[in-house]
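Encoded as C-alpha cells, the structure appears first; notes follow it.
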Amino acid sequence: MKKDKRSKKNGRGTPLGSLILCMAIGAVCGIVMVEMLDGAFAWAGSLGGLAIELLLFFVAFYLQTIIHEGGHLVAGLMTGYGFGSFRIGSLMFVKESGKIKVKKHSVAGTGGQCLMIPPKMVDGKYPVIFYNLGGVLMNLIFTAIPVILAIIFVNKPIIYAFCVLMALAGFISAATNGIPLHLGIVNNDGSNARELYKNEEAMRVFYNQFMTMAALSDGKPLSEMPEEWFFMPSEAGFKNSITVSGAVFRENWLMDCGKYDEALELIDLLLTSESALIGLHKCLLTCDKILLLLLRGETEKIGSLASSGEMQAFFKQMKGNISVVRVQYAMAKLLDRDEKRAAELLELFEKCAKTHPYPVEIIGERRILAQIDAVSEGK
C-alpha cells in the first residue's frame with residue numbers, strides 16, 4: 001500500500017483540530033460556570049456551589065448522551081431502519097430472535113451506541129447521512145429548548161442552572177460528535193457522515209456491517225454468513241476509515257472460519273499499511289495477532305506487541321470485552337505460564353459471557369479457548 005500524505009486528513013481530523021476544539025469547549029464551559037451561574041448557589045458556599053454545579057452538569061451530560069443515541073434511533077426509524085440495539089454506557093438493549101433483551105457491553109471511546117438494521121438498498125444506495133447525524137440534530141434541539149426554559153425560569157436558581165447546564169452539555173455533545181474530528185480511538189458521527197457521503201464503497205461496507213450485526217443477533221455465526229459481506233476494500237478504500245473497516249470484518253470472518261493463516265496475513269497488511277484504520281480496530285487486530293502467534297508457538301515474534309503503552313491502556317479500557325479476555329488468557333497460559341492468572345481470566349470470561357449481547361459469538365470464543373488449552377497441554 002503506497003504512502004498517501006493525505007491519509008491523516010482523510011475523515012479522521014488532526015491532533016491540532018482536536019486540541020483547538022477541546023480548548024474552545026473548555027473556554028465555553030469556563031464562561032458559563034463563571035459568568036452565567038455566578039451566585040446561583042451562593043447559599044451553599046463556593047465549594048458547595050461548585051459541587052452542585054458539577055453534579056447537575058454530570059446529570060445533564062448523561063441525559064444528553066441518552067438524547068443523542070435517541071436521535072439516532074428516531075432518525076433511523078424515520079428513514080426505514082429497524083431496531084437492532086441501543087446502548088448507554090454498558091447497559092444495552094438488543095433485539096435477539098425478535099425479542100428485546102437486556103445485556104452488558106461497552107466499547108472504549110463511546111458513551112453509547114445505537115445500531116439499526118438499514119432498509120434494502122436501491123441502486124446501491126440507502127439513507128445514511130440523516131441516521132448518522134440524527135444524534136447531533138437531537139442534541140441541538142435539546143440545546144435550544146433548555147435555553148428558552150432558562151430565560152423563563154431565570155429567577156428559579158436550581159431550574160435555571162440545570163437548564164443552562166443542559167444547554168451546555170447539548171452544545172458539547174453536538175460539537176464533539178458533529179464536527180468531523182478523530183477523537184480518541186473511534187471516529188465521531190461527523191467523520192462517519194463525511195466518509196459515507198457519495199461514497200458507494202463506504203456505504204456498501206456500512207450496510208454489510210449492520211446486516212452482520214443483525215445476523216449475529218439472530219444466532220448466525222460469521223462463518224455461516226455470505227462471504228460477499230466481507231469483501232476486501234479497494235486500494236483507495238484504505239484511505240477511508242469506514243471502508244477499511246470492511247477488511248477488519250473480513251479478518252473477523254476468517255478467524256471464525258478457522259482460516260488463521262489468511263487472517264494473520266490480512267492483519268499484517270492492515271497494521272503495516274498507510275490507512276485510515278481507527279485506533280479501536282488497530283488494537284483489536286493486535287489482539288488477534290498476539291493470539292495467532294501464541295497458537296503457532298511463535299512467542300519470540302510477539303515482542304512488545306502486548307506491552308506497549310497503547311495496548312496496556314486498551315486492555316484496561318476493554319477489560320470486560322470477551323475478545324480481550326481471550327487473548328489475555330492465551331498470554332497467561334502460553335506466554336507467562338501463569339495458571340493462577342489464567343484461572344482468574346477464565347472466571348472473568350464466564351462472567352462476561354452471561355451478558356454478552358451476541359451469544360453465538362461465545363461459541364466461537366469457547367472454541368478458541370479450547371485451542372489455547374490444547375496448545376498449553378502439548379496436544
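Every chain in the C-alpha cells has a letter given in the order shown (A, B, ...), and although residue numbers restart at 1 in each chain, ligands are simply numbered from 1 in the order shown.
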Shell of 8 Å around Pro357 of chain A, only C-alpha atoms, local chain residues under 5 positions omitted, as an MDAnalysis selection string: chainID A and resid 92 94 103:105 217
Pick out the residues sitting within 8 Å of Leu222 of chain A, and hand them over as a list in words; count only C-alpha atoms, and ignore anything fewer than 4 positions along from it in its own chain.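 What passes the distance filter is Thr212, Leu216, Asn252, Trp253, Asp256 and Cys257 of chain A.
The closest residue to Val186 of chain A, picked from A:Ala342, A:Glu228, A:Leu285, A:Gly279 and counting only C-alpha atoms, is A:Gly279.
Of the listed residues A:Pro146, A:Gly219, A:Gly76, A:Pro180, the one whose atoms come nearest to Ala167 of chain A is A:Pro146, with distances taken using only C-alpha atoms.
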Calculated over only C-alpha atoms, which of the candidates A:Ile145, A:Ile100, A:Ile152, A:Leu50 has the smallest distance to Asp218 of chain A?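 So, comparing all the options, the nearest one is A:Ile100.
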